[in-house]
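S.K.: Sharing start.pdb below, PDB, C-alpha atoms:
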ATOM      1  CA  MET A  26     -17.514  30.141  19.391
ATOM      2  CA  ALA A  27     -19.096  26.923  18.273
ATOM      3  CA  ASP A  28     -19.254  23.948  20.573
ATOM      4  CA  GLU A  29     -16.800  21.472  19.092
ATOM      5  CA  SER A  30     -18.054  18.277  20.665
ATOM      6  CA  PRO A  31     -18.962  15.439  18.312
ATOM      7  CA  ARG A  32     -22.582  15.521  19.427
ATOM      8  CA  HIS A  33     -23.129  18.634  17.360
ATOM      9  CA  VAL A  34     -22.087  16.929  14.159
ATOM     10  CA  THR A  35     -25.144  16.158  12.077
ATOM     11  CA  ILE A  36     -25.117  13.702   9.176
ATOM     12  CA  ARG A  37     -27.540  14.209   6.314
ATOM     13  CA  GLU A  38     -27.880  13.246   2.654
ATOM     14  CA  ALA A  39     -25.677  15.317   0.391
ATOM     15  CA  ARG A  40     -27.500  17.645  -1.967
ATOM     16  CA  PRO A  41     -26.061  18.679  -5.333
ATOM     17  CA  GLU A  42     -25.349  22.184  -4.031
ATOM     18  CA  ASP A  43     -23.183  20.758  -1.220
ATOM     19  CA  TRP A  44     -20.492  20.065  -3.789
ATOM     20  CA  ASP A  45     -19.393  23.693  -3.699
ATOM     21  CA  ALA A  46     -18.555  23.270  -0.010
ATOM     22  CA  ILE A  47     -16.939  19.862  -0.506
ATOM     23  CA  TRP A  48     -14.687  20.622  -3.471
ATOM     24  CA  PRO A  49     -12.234  23.000  -1.715
ATOM     25  CA  PHE A  50     -11.205  20.470   0.937
ATOM     26  CA  PHE A  51     -11.631  17.517  -1.426
ATOM     27  CA  ARG A  52      -9.166  19.170  -3.798
ATOM     28  CA  GLN A  53      -6.812  20.029  -0.954
ATOM     29  CA  ILE A  54      -6.818  16.458   0.356
ATOM     30  CA  VAL A  55      -6.321  14.893  -3.073
ATOM     31  CA  ALA A  56      -3.591  17.359  -4.068
ATOM     32  CA  ALA A  57      -1.697  16.625  -0.836
ATOM     33  CA  ARG A  58      -1.205  12.997  -2.047
ATOM     34  CA  GLU A  59      -1.007  11.746   1.523
ATOM     35  CA  THR A  60      -4.212   9.799   2.005
ATOM     36  CA  TYR A  61      -5.938   9.078  -1.329
ATOM     37  CA  ALA A  62      -4.780   7.208  -4.400
ATOM     38  CA  TYR A  63      -6.705   9.598  -6.611
ATOM     39  CA  ASP A  64      -5.365  11.666  -9.485
ATOM     40  CA  PRO A  65      -4.010  14.767  -7.721
ATOM     41  CA  ASP A  66      -4.761  16.859 -10.794
ATOM     42  CA  MET A  67      -8.332  15.699 -11.290
ATOM     43  CA  THR A  68     -10.784  18.255 -12.547
ATOM     44  CA  GLU A  69     -13.682  19.482 -10.476
ATOM     45  CA  ALA A  70     -16.104  17.737 -12.842
ATOM     46  CA  THR A  71     -14.346  14.402 -12.356
ATOM     47  CA  GLY A  72     -14.263  14.896  -8.612
ATOM     48  CA  ARG A  73     -17.962  15.628  -8.507
ATOM     49  CA  ARG A  74     -18.805  12.639 -10.671
ATOM     50  CA  MET A  75     -16.759  10.217  -8.585
ATOM     51  CA  TRP A  76     -17.848  11.553  -5.198
ATOM     52  CA  MET A  77     -21.501  12.535  -5.494
ATOM     53  CA  ILE A  78     -22.864   9.069  -6.158
ATOM     54  CA  GLY A  79     -26.511   8.126  -6.366
ATOM     55  CA  PRO A  80     -28.493   4.981  -5.542
ATOM     56  CA  PRO A  81     -27.805   2.254  -4.730
ATOM     57  CA  GLY A  82     -24.851   4.134  -3.216
ATOM     58  CA  ARG A  83     -25.176   7.293  -1.141
ATOM     59  CA  THR A  84     -23.238  10.423  -0.349
ATOM     60  CA  VAL A  85     -23.697  12.243   2.943
ATOM     61  CA  VAL A  86     -22.281  15.348   4.560
ATOM     62  CA  ALA A  87     -21.440  16.076   8.177
ATOM     63  CA  THR A  88     -22.462  19.564   9.261
ATOM     64  CA  ASP A  89     -22.107  21.642  12.385
ATOM     65  CA  ALA A  90     -24.937  23.392  14.200
ATOM     66  CA  ASP A  91     -24.786  26.239  11.696
ATOM     67  CA  GLY A  92     -25.061  23.914   8.709
ATOM     68  CA  VAL A  93     -21.428  24.303   7.686
ATOM     69  CA  VAL A  94     -20.114  21.220   5.875
ATOM     70  CA  LEU A  95     -17.278  19.698   7.923
ATOM     71  CA  GLY A  96     -16.834  16.463   6.037
ATOM     72  CA  THR A  97     -18.404  13.969   3.689
ATOM     73  CA  ALA A  98     -18.588  10.247   3.008
ATOM     74  CA  ASN A  99     -19.904   8.069   0.266
ATOM     75  CA  MET A 100     -20.843   4.424   0.552
ATOM     76  CA  TYR A 101     -21.564   1.684  -1.936
ATOM     77  CA  ALA A 102     -21.226  -2.010  -2.666
ATOM     78  CA  ASN A 103     -17.531  -2.841  -2.920
ATOM     79  CA  ARG A 104     -18.169  -5.236  -5.815
ATOM     80  CA  GLU A 105     -21.015  -6.359  -8.032
ATOM     81  CA  GLY A 106     -23.017  -9.540  -8.305
ATOM     82  CA  PRO A 107     -21.564 -12.303  -6.105
ATOM     83  CA  GLY A 108     -19.537  -9.680  -4.197
ATOM     84  CA  SER A 109     -22.308  -7.163  -3.649
ATOM     85  CA  HIS A 110     -22.971  -8.108  -0.016
ATOM     86  CA  VAL A 111     -19.783  -6.302   1.113
ATOM     87  CA  ALA A 112     -19.954  -2.525   1.405
ATOM     88  CA  SER A 113     -17.189   0.017   1.135
ATOM     89  CA  ALA A 114     -16.984   3.739   1.756
ATOM     90  CA  SER A 115     -14.746   6.769   1.373
ATOM     91  CA  PHE A 116     -14.347   9.685   3.735
ATOM     92  CA  MET A 117     -13.118  13.259   3.510
ATOM     93  CA  VAL A 118     -12.963  15.587   6.517
ATOM     94  CA  ASP A 119     -12.083  19.228   6.049
ATOM     95  CA  PRO A 120      -8.605  19.558   7.602
ATOM     96  CA  LYS A 121      -9.878  22.684   9.389
ATOM     97  CA  SER A 122     -12.282  20.423  11.290
ATOM     98  CA  ALA A 123      -9.866  17.622  12.187
ATOM     99  CA  GLY A 124     -10.104  16.293  15.729
ATOM    100  CA  ARG A 125     -13.762  17.201  16.209
ATOM    101  CA  GLY A 126     -15.140  13.705  15.829
ATOM    102  CA  VAL A 127     -16.340  14.278  12.278
ATOM    103  CA  GLY A 128     -14.669  11.152  10.892
ATOM    104  CA  ARG A 129     -16.016   9.058  13.735
ATOM    105  CA  ALA A 130     -19.553  10.351  13.215
ATOM    106  CA  LEU A 131     -19.307   9.569   9.498
ATOM    107  CA  GLY A 132     -17.833   6.131  10.164
ATOM    108  CA  GLU A 133     -20.569   5.217  12.645
ATOM    109  CA  HIS A 134     -23.146   6.416  10.151
ATOM    110  CA  VAL A 135     -21.712   4.212   7.412
ATOM    111  CA  ILE A 136     -21.686   1.165   9.684
ATOM    112  CA  ASP A 137     -25.319   1.764  10.640
ATOM    113  CA  TRP A 138     -26.299   2.308   7.006
ATOM    114  CA  ALA A 139     -24.498  -0.803   5.778
ATOM    115  CA  ARG A 140     -26.057  -2.966   8.461
ATOM    116  CA  ALA A 141     -29.535  -1.565   7.845
ATOM    117  CA  THR A 142     -29.142  -2.028   4.092
ATOM    118  CA  GLY A 143     -28.338  -5.706   4.539
ATOM    119  CA  PHE A 144     -24.619  -5.761   3.824
ATOM    120  CA  ARG A 145     -22.702  -8.476   5.675
ATOM    121  CA  ALA A 146     -19.372  -6.682   6.013
ATOM    122  CA  ILE A 147     -17.481  -3.490   5.165
ATOM    123  CA  GLN A 148     -14.120  -3.478   3.399
ATOM    124  CA  PHE A 149     -11.760  -0.544   3.007
ATOM    125  CA  ASN A 150      -9.472  -1.263   0.088
ATOM    126  CA  ALA A 151      -6.707   1.288   0.477
ATOM    127  CA  VAL A 152      -6.033   2.950   3.832
ATOM    128  CA  VAL A 153      -2.605   4.592   3.707
ATOM    129  CA  GLU A 154      -0.577   3.043   6.514
ATOM    130  CA  THR A 155       0.926   6.387   7.548
ATOM    131  CA  ASN A 156      -2.560   7.900   7.956
ATOM    132  CA  ASN A 157      -2.511   7.203  11.680
ATOM    133  CA  PRO A 158      -5.734   8.992  12.627
ATOM    134  CA  ALA A 159      -7.690   7.010  10.057
ATOM    135  CA  VAL A 160      -6.126   3.669  10.967
ATOM    136  CA  ALA A 161      -6.765   4.310  14.675
ATOM    137  CA  LEU A 162     -10.335   5.405  14.010
ATOM    138  CA  TRP A 163     -11.200   2.348  11.936
ATOM    139  CA  ARG A 164      -9.630   0.037  14.502
ATOM    140  CA  SER A 165     -11.674   1.685  17.238
ATOM    141  CA  LEU A 166     -14.801   1.097  15.141
ATOM    142  CA  GLY A 167     -14.065  -2.614  14.898
ATOM    143  CA  PHE A 168     -12.108  -2.889  11.676
ATOM    144  CA  GLU A 169      -9.169  -5.251  11.413
ATOM    145  CA  VAL A 170      -6.225  -5.067   9.050
ATOM    146  CA  LEU A 171      -6.444  -8.046   6.697
ATOM    147  CA  ALA A 172      -3.274  -7.178   4.826
ATOM    148  CA  THR A 173      -0.838  -4.458   3.958
ATOM    149  CA  VAL A 174      -0.144  -4.168   0.255
ATOM    150  CA  PRO A 175       3.555  -3.342   0.370
ATOM    151  CA  GLU A 176       4.826  -0.105  -1.171
ATOM    152  CA  ALA A 177       1.493   0.441  -2.906
ATOM    153  CA  PHE A 178       1.277   4.179  -2.161
ATOM    154  CA  HIS A 179       3.861   6.809  -3.035
ATOM    155  CA  HIS A 180       3.786   9.331  -0.207
ATOM    156  CA  PRO A 181       5.423  12.729  -0.820
ATOM    157  CA  ARG A 182       7.427  12.581   2.434
ATOM    158  CA  HIS A 183       7.545   8.918   3.448
ATOM    159  CA  GLY A 184       8.190   7.422   0.026
ATOM    160  CA  TYR A 185       6.628   4.068  -0.842
ATOM    161  CA  VAL A 186       4.353   3.018   2.007
ATOM    162  CA  GLY A 187       1.765   0.295   2.383
ATOM    163  CA  LEU A 188      -1.957   0.342   1.733
ATOM    164  CA  LEU A 189      -4.020  -1.406   4.375
ATOM    165  CA  ILE A 190      -7.019  -3.524   3.538
ATOM    166  CA  MET A 191      -9.347  -3.192   6.512
ATOM    167  CA  HIS A 192     -12.499  -5.156   7.180
ATOM    168  CA  ARG A 193     -15.256  -5.734   9.649
ATOM    169  CA  PHE A 194     -18.266  -7.980   9.669
ATOM    170  CA  LEU A 195     -21.633  -6.445  10.502
TER
ATOM    171  CA  MET B  18      -6.569 -31.078 -35.653
ATOM    172  CA  ALA B  19      -4.930 -28.024 -34.175
ATOM    173  CA  ASP B  20      -1.817 -28.394 -32.113
ATOM    174  CA  GLU B  21      -2.917 -27.521 -28.577
ATOM    175  CA  SER B  22       0.435 -26.653 -27.055
ATOM    176  CA  PRO B  23       0.774 -23.232 -25.460
ATOM    177  CA  ARG B  24       3.379 -22.178 -28.003
ATOM    178  CA  HIS B  25       0.627 -21.757 -30.573
ATOM    179  CA  VAL B  26      -1.224 -19.235 -28.450
ATOM    180  CA  THR B  27      -0.620 -15.775 -29.864
ATOM    181  CA  ILE B  28      -1.320 -12.609 -27.890
ATOM    182  CA  ARG B  29      -2.238  -9.465 -29.768
ATOM    183  CA  GLU B  30      -4.013  -6.164 -29.138
ATOM    184  CA  ALA B  31      -7.773  -6.535 -29.100
ATOM    185  CA  ARG B  32      -9.615  -4.842 -31.938
ATOM    186  CA  PRO B  33     -13.168  -3.551 -31.576
ATOM    187  CA  GLU B  34     -14.479  -6.365 -33.750
ATOM    188  CA  ASP B  35     -13.006  -8.978 -31.369
ATOM    189  CA  TRP B  36     -15.783  -8.190 -28.924
ATOM    190  CA  ASP B  37     -18.184 -10.388 -30.876
ATOM    191  CA  ALA B  38     -15.916 -13.350 -30.165
ATOM    192  CA  ILE B  39     -15.344 -12.371 -26.537
ATOM    193  CA  TRP B  40     -18.899 -11.666 -25.449
ATOM    194  CA  PRO B  41     -20.261 -15.273 -25.656
ATOM    195  CA  PHE B  42     -17.705 -16.670 -23.203
ATOM    196  CA  PHE B  43     -17.544 -13.444 -21.184
ATOM    197  CA  ARG B  44     -21.310 -13.686 -20.661
ATOM    198  CA  GLN B  45     -21.075 -17.372 -19.840
ATOM    199  CA  ILE B  46     -18.331 -16.819 -17.246
ATOM    200  CA  VAL B  47     -20.093 -13.876 -15.607
ATOM    201  CA  ALA B  48     -23.470 -15.598 -15.562
ATOM    202  CA  ALA B  49     -21.933 -18.660 -13.886
ATOM    203  CA  ARG B  50     -21.122 -16.465 -10.829
ATOM    204  CA  GLU B  51     -18.191 -18.674  -9.915
ATOM    205  CA  THR B  52     -15.149 -16.534 -10.641
ATOM    206  CA  TYR B  53     -16.097 -12.862 -11.131
ATOM    207  CA  ALA B  54     -17.809 -10.380  -8.836
ATOM    208  CA  TYR B  55     -19.525  -8.773 -11.805
ATOM    209  CA  ASP B  56     -23.233  -8.231 -12.292
ATOM    210  CA  PRO B  57     -24.361 -11.571 -13.760
ATOM    211  CA  ASP B  58     -27.122  -9.799 -15.676
ATOM    212  CA  MET B  59     -24.974  -7.080 -17.190
ATOM    213  CA  THR B  60     -25.861  -5.984 -20.680
ATOM    214  CA  GLU B  61     -23.577  -6.534 -23.622
ATOM    215  CA  ALA B  62     -22.972  -2.771 -23.848
ATOM    216  CA  THR B  63     -21.833  -2.614 -20.231
ATOM    217  CA  GLY B  64     -19.613  -5.636 -20.703
ATOM    218  CA  ARG B  65     -17.986  -4.112 -23.730
ATOM    219  CA  ARG B  66     -17.438  -0.777 -22.005
ATOM    220  CA  MET B  67     -15.868  -2.356 -18.936
ATOM    221  CA  TRP B  68     -13.718  -4.874 -20.779
ATOM    222  CA  MET B  69     -12.500  -3.167 -23.969
ATOM    223  CA  ILE B  70     -10.431  -0.488 -22.283
ATOM    224  CA  GLY B  71      -8.149   1.958 -24.048
ATOM    225  CA  PRO B  72      -4.927   3.747 -23.089
ATOM    226  CA  PRO B  73      -3.316   3.946 -20.643
ATOM    227  CA  GLY B  74      -4.840   0.498 -20.127
ATOM    228  CA  ARG B  75      -4.916  -2.220 -22.747
ATOM    229  CA  THR B  76      -7.030  -5.157 -23.809
ATOM    230  CA  VAL B  77      -5.513  -8.134 -25.589
ATOM    231  CA  VAL B  78      -6.783 -11.388 -27.013
ATOM    232  CA  ALA B  79      -5.165 -14.810 -27.150
ATOM    233  CA  THR B  80      -5.702 -16.570 -30.462
ATOM    234  CA  ASP B  81      -4.852 -19.957 -31.890
ATOM    235  CA  ALA B  82      -3.038 -20.573 -35.160
ATOM    236  CA  ASP B  83      -6.297 -20.037 -37.063
ATOM    237  CA  GLY B  84      -6.941 -16.692 -35.387
ATOM    238  CA  VAL B  85      -9.760 -17.999 -33.198
ATOM    239  CA  VAL B  86     -10.072 -16.010 -29.950
ATOM    240  CA  LEU B  87      -9.402 -18.342 -27.020
ATOM    241  CA  GLY B  88      -9.230 -15.804 -24.229
ATOM    242  CA  THR B  89      -8.691 -12.186 -23.339
ATOM    243  CA  ALA B  90      -7.134  -9.993 -20.694
ATOM    244  CA  ASN B  91      -7.157  -6.344 -19.841
ATOM    245  CA  MET B  92      -4.563  -4.497 -17.791
ATOM    246  CA  TYR B  93      -4.432  -1.105 -16.141
ATOM    247  CA  ALA B  94      -3.185   0.827 -13.153
ATOM    248  CA  ASN B  95      -4.878  -0.546 -10.046
ATOM    249  CA  ARG B  96      -5.234   2.962  -8.571
ATOM    250  CA  GLU B  97      -4.640   6.556  -9.572
ATOM    251  CA  GLY B  98      -2.104   9.161  -8.559
ATOM    252  CA  PRO B  99       0.039   7.966  -5.633
ATOM    253  CA  GLY B 100      -1.115   4.388  -6.295
ATOM    254  CA  SER B 101      -0.595   4.340 -10.037
ATOM    255  CA  HIS B 102       2.685   2.396  -9.940
ATOM    256  CA  VAL B 103       0.823  -0.863  -9.191
ATOM    257  CA  ALA B 104      -0.860  -2.613 -12.103
ATOM    258  CA  SER B 105      -3.813  -4.932 -12.111
ATOM    259  CA  ALA B 106      -5.434  -7.100 -14.748
ATOM    260  CA  SER B 107      -8.450  -9.279 -15.464
ATOM    261  CA  PHE B 108      -8.586 -12.484 -17.456
ATOM    262  CA  MET B 109     -11.222 -14.501 -19.268
ATOM    263  CA  VAL B 110     -10.501 -17.780 -21.008
ATOM    264  CA  ASP B 111     -13.166 -19.464 -23.095
ATOM    265  CA  PRO B 112     -14.118 -22.553 -21.065
ATOM    266  CA  LYS B 113     -13.866 -24.565 -24.302
ATOM    267  CA  SER B 114     -10.135 -23.748 -24.333
ATOM    268  CA  ALA B 115      -9.357 -24.452 -20.674
ATOM    269  CA  GLY B 116      -6.165 -26.399 -20.018
ATOM    270  CA  ARG B 117      -4.372 -25.235 -23.172
ATOM    271  CA  GLY B 118      -2.102 -22.727 -21.481
ATOM    272  CA  VAL B 119      -4.148 -19.730 -22.572
ATOM    273  CA  GLY B 120      -4.355 -18.238 -19.077
ATOM    274  CA  ARG B 121      -0.642 -18.728 -18.551
ATOM    275  CA  ALA B 122       0.209 -17.068 -21.861
ATOM    276  CA  LEU B 123      -2.020 -14.114 -20.970
ATOM    277  CA  GLY B 124      -0.564 -13.889 -17.454
ATOM    278  CA  GLU B 125       3.010 -13.912 -18.724
ATOM    279  CA  HIS B 126       2.078 -11.248 -21.252
ATOM    280  CA  VAL B 127       0.623  -9.025 -18.528
ATOM    281  CA  ILE B 128       3.718  -9.403 -16.355
ATOM    282  CA  ASP B 129       5.954  -8.482 -19.279
ATOM    283  CA  TRP B 130       3.757  -5.508 -20.192
ATOM    284  CA  ALA B 131       3.585  -4.208 -16.633
ATOM    285  CA  ARG B 132       7.333  -4.465 -16.190
ATOM    286  CA  ALA B 133       8.040  -2.803 -19.540
ATOM    287  CA  THR B 134       5.554  -0.030 -18.763
ATOM    288  CA  GLY B 135       7.346   0.794 -15.524
ATOM    289  CA  PHE B 136       4.925  -0.588 -12.942
ATOM    290  CA  ARG B 137       6.550  -1.784  -9.733
ATOM    291  CA  ALA B 138       4.089  -4.532  -8.848
ATOM    292  CA  ILE B 139       0.877  -6.259  -9.891
ATOM    293  CA  GLN B 140      -2.080  -6.704  -7.565
ATOM    294  CA  PHE B 141      -5.122  -8.902  -8.125
ATOM    295  CA  ASN B 142      -7.912  -7.637  -5.927
ATOM    296  CA  ALA B 143     -10.433 -10.447  -5.970
ATOM    297  CA  VAL B 144      -9.405 -13.993  -6.893
ATOM    298  CA  VAL B 145     -12.132 -16.388  -5.795
ATOM    299  CA  GLU B 146     -10.525 -18.851  -3.414
ATOM    300  CA  THR B 147     -12.353 -21.824  -4.914
ATOM    301  CA  ASN B 148     -11.020 -20.970  -8.392
ATOM    302  CA  ASN B 149      -8.196 -23.450  -7.998
ATOM    303  CA  PRO B 150      -6.785 -23.250 -11.533
ATOM    304  CA  ALA B 151      -6.455 -19.484 -11.284
ATOM    305  CA  VAL B 152      -4.920 -19.543  -7.800
ATOM    306  CA  ALA B 153      -2.414 -22.208  -8.854
ATOM    307  CA  LEU B 154      -1.556 -20.333 -12.041
ATOM    308  CA  TRP B 155      -0.916 -17.025 -10.267
ATOM    309  CA  ARG B 156       1.188 -18.751  -7.619
ATOM    310  CA  SER B 157       3.256 -20.410 -10.327
ATOM    311  CA  LEU B 158       3.794 -16.995 -11.896
ATOM    312  CA  GLY B 159       5.187 -15.590  -8.668
ATOM    313  CA  PHE B 160       2.110 -14.118  -7.006
ATOM    314  CA  GLU B 161       1.611 -14.427  -3.266
ATOM    315  CA  VAL B 162      -1.621 -14.305  -1.325
ATOM    316  CA  LEU B 163      -1.541 -11.172   0.835
ATOM    317  CA  ALA B 164      -4.922 -11.810   2.413
ATOM    318  CA  THR B 165      -8.209 -13.604   2.075
ATOM    319  CA  VAL B 166     -11.216 -11.352   2.495
ATOM    320  CA  PRO B 167     -13.506 -13.718   4.356
ATOM    321  CA  GLU B 168     -16.886 -14.621   2.891
ATOM    322  CA  ALA B 169     -16.607 -11.859   0.319
ATOM    323  CA  PHE B 170     -17.918 -13.887  -2.626
ATOM    324  CA  HIS B 171     -21.233 -15.726  -2.792
ATOM    325  CA  HIS B 172     -20.616 -18.851  -4.821
ATOM    326  CA  PRO B 173     -23.643 -20.694  -6.217
ATOM    327  CA  ARG B 174     -22.427 -24.072  -4.911
ATOM    328  CA  HIS B 175     -19.930 -23.334  -2.159
ATOM    329  CA  GLY B 176     -21.791 -20.484  -0.460
ATOM    330  CA  TYR B 177     -19.802 -17.607   1.004
ATOM    331  CA  VAL B 178     -16.138 -18.073   0.124
ATOM    332  CA  GLY B 179     -13.106 -15.817   0.378
ATOM    333  CA  LEU B 180     -11.603 -13.448  -2.131
ATOM    334  CA  LEU B 181      -7.829 -13.575  -2.340
ATOM    335  CA  ILE B 182      -5.713 -10.490  -2.744
ATOM    336  CA  MET B 183      -2.654 -11.602  -4.696
ATOM    337  CA  HIS B 184       0.482  -9.618  -5.394
ATOM    338  CA  ARG B 185       3.890  -9.789  -6.935
ATOM    339  CA  PHE B 186       6.653  -7.256  -7.297
ATOM    340  CA  LEU B 187       8.195  -6.775 -10.717
TER
END
As structure tokens, how would this structure be written, given the file I've shared?
M.R.:
Amino acid sequence: MADESPRHVTIREARPEDWDAIWPFFRQIVAARETYAYDPDMTEATGRRMWMIGPPGRTVVATDADGVVLGTANMYANREGPGSHVASASFMVDPKSAGRGVGRALGEHVIDWARATGFRAIQFNAVVETNNPAVALWRSLGFEVLATVPEAFHHPRHGYVGLLIMHRFL
Amino acid sequence: MADESPRHVTIREARPEDWDAIWPFFRQIVAARETYAYDPDMTEATGRRMWMIGPPGRTVVATDADGVVLGTANMYANREGPGSHVASASFMVDPKSAGRGVGRALGEHVIDWARATGFRAIQFNAVVETNNPAVALWRSLGFEVLATVPEAFHHPRHGYVGLLIMHRFL
């Protein structure tokens, strides 16, 4: 049985062939409509194009000691030109690997990357307010809630819930 | 001399050939770096692709009685899937036509369109806090400031200023 402590989560650059490991849980997460304001019926080609981004952005995967992909994140400038000093990022953790510290490892990686790249802050534009593990994780990593956009997300069980805008300076 | 009252501003669907009238002031506004977090060096082809959007979004132009393009707006769902019930929009008014009610006519048009299309709210994601005419206009049209993202816009004269997230229900 694999050791499940976070210290065995490794973050590395995503390679094109990682998409085959990402797509099953990406599709599952998007189809669940609980945490992402993405088209729940998006095709695999669209998913790949939107997730596997190249420079100046980056996509990474989190793997276990056996190289199994447990989660993924991409990171990029939140806006262009006069707004390009603020980063943003998106995260997907395979639900089978929840609670193993994968999201935290990815989040810490993004913060380190954004700081090293010269960004001045990180902004998350749309954290679903009922996604308690995510909200708690980002708070623990120093993010604050700037605002809740009311009723901006239609959750399949909770109805219209808010989307949090979260932010931290670097 | 043309009557400059707002009642002579006409809003109509943009046609592909309108781009030639839009691009000069679009380029001027983006290059000024005062109101849009767009790449100030974007090419004309990129500008056209990002601005002249098709269904389910729309692009419109505001014209005077002689058919001269005074401004333009585009409008679209702010997010996909579970977030697709909130609209957003972007606006450009030719600086030569500032103060003639063009922005207000475009804003009222977008509110009417979003309501008629079945959106539940409109969100502006990045209104530069020093863009006083825009902030005052959106407030007068019923938008509230949900948050100011601190220092998220690098203004050429004012330095790092905030970006307002503005919102109104429909």
S.K.: For Gly124 in chain A, which of A:Pro41, A:Gly167, A:Gly184, A:Pro158 is the closest residue, counting all atoms listed in the file?
M.R.: A:Pro158
S.K.: Could you give me, as CSV, a per-residue list for chain B showing, wherever an atom lies at most 6 Å from an atom of chain A, the closest pair of atoms and their distance in Å to one decimal, using only C-alpha atoms and sorting by chain then residue number from low to high?
M.R.:
residue,atom,partner,partner_atom,distance
B:Ala54,CA,A:Gly108,CA,5.0
B:Tyr55,CA,A:Glu105,CA,4.7
B:Asp56,CA,A:Gly106,CA,4.2
B:Pro57,CA,A:Gly106,CA,6.0
B:Arg96,CA,A:Ala62,CA,6.0
B:Glu97,CA,A:Tyr63,CA,4.7
B:Gly98,CA,A:Asp64,CA,4.2
B:Pro99,CA,A:His179,CA,4.8
B:Gly100,CA,A:Phe178,CA,4.8
B:Leu163,CA,A:Ala172,CA,5.9
B:Ala164,CA,A:Ala172,CA,5.5
B:Ala169,CA,A:Gly108,CA,5.8
B:Phe170,CA,A:Gly108,CA,4.8
B:His171,CA,A:Pro107,CA,4.8
S.K.: Which value, in Å to one decimal, gives the distance between CA of Gln45 in chain B and CA of Arg75 in chain B?
M.R.: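 These atoms are spaced 22.3 Å apart.
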S.K.: If we draw a sphere of 9 Å around (-26.4, 19.8, 16.5), which residues have at least one atom in it when counting all atoms listed in the file? Please report them as number ranges by chain.
M.R.: A: 31-35, 88-92
S.K.: So which residues touch Gly71 in chain B within 12 Å, counting only C-alpha atoms, skipping near sequence neighbours fewer than 5 positions away, as a PyMOL selection string?
M.R.: chain B and resi 30-33+65-66+76-77+91-93
S.K.: Report, in Å to a single decimal, how far apart CA of His183 in chain A and CA of Arg132 in chain B are.
M.R.: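 Atom-to-atom, CA of Arg132 in chain B and CA of His183 in chain A are spaced 23.8 Å apart.
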S.K.: Provide the CA of Ile47 in chain A to CA of Ala102 in chain A distance in Å, to one decimal place.
M.R.: 22.4 Å
S.K.: Can you list what the PyMOL selection byres ((chain B and resi 121-125) around 8) grabs from this structure, as a list in words?
M.R.: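 Residues picked by the PyMOL selection byres ((chain B and resi 121-125) around 8): Pro23, Val26, Ile28, Ala79, Thr89, Ala90, Phe108, Gly118, Val119, Gly120, His126, Val127, Ile128, Asp129, Leu154, Trp155 and Leu158 of chain B.
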S.K.: Counting only C-alpha atoms, which of B:Ile46, B:Thr134, B:Pro112, B:Asp35 gets nearest to Val86 in chain B?
M.R.: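 For Val86 in chain B, the nearest of the candidates is B:Asp35.
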S.K.: Spell out the residues picked by the PyMOL selection byres ((chain A and resi 119) around 7) here, as a PyMOL selection string.
M.R.: chain A and resi 50+95-96+117-118+120-123
S.K.: Rank nothing, just name the residue among B:Gly135, B:Gly179, B:Pro72, B:Gly64 nearest to Asp37 in chain B, using only C-alpha atoms.
M.R.: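 Among B:Gly135, B:Gly179, B:Pro72, B:Gly64, it is B:Gly64 that comes nearest to Asp37 in chain B.
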S.K.: Padding of 4 Å on every side, edges along x, y and z, all listed atoms of range 46-61 of chain B included: what centre and edge lengths in Å, to one decimal, does that box have, as AutoDock Vina command-line options?
M.R.:
--center_x -21.1 --center_y -12.3 --center_z -16.2 --size_x 20.0 --size_y 20.7 --size_z 22.8
S.K.: Which of these, A:Ala57, A:Ala114, A:Val86, A:Arg52, has the shortest distance to Ala70 in chain A once you count only C-alpha atoms?
M.R.: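 Smallest distance to Ala70 in chain A is found for A:Arg52.
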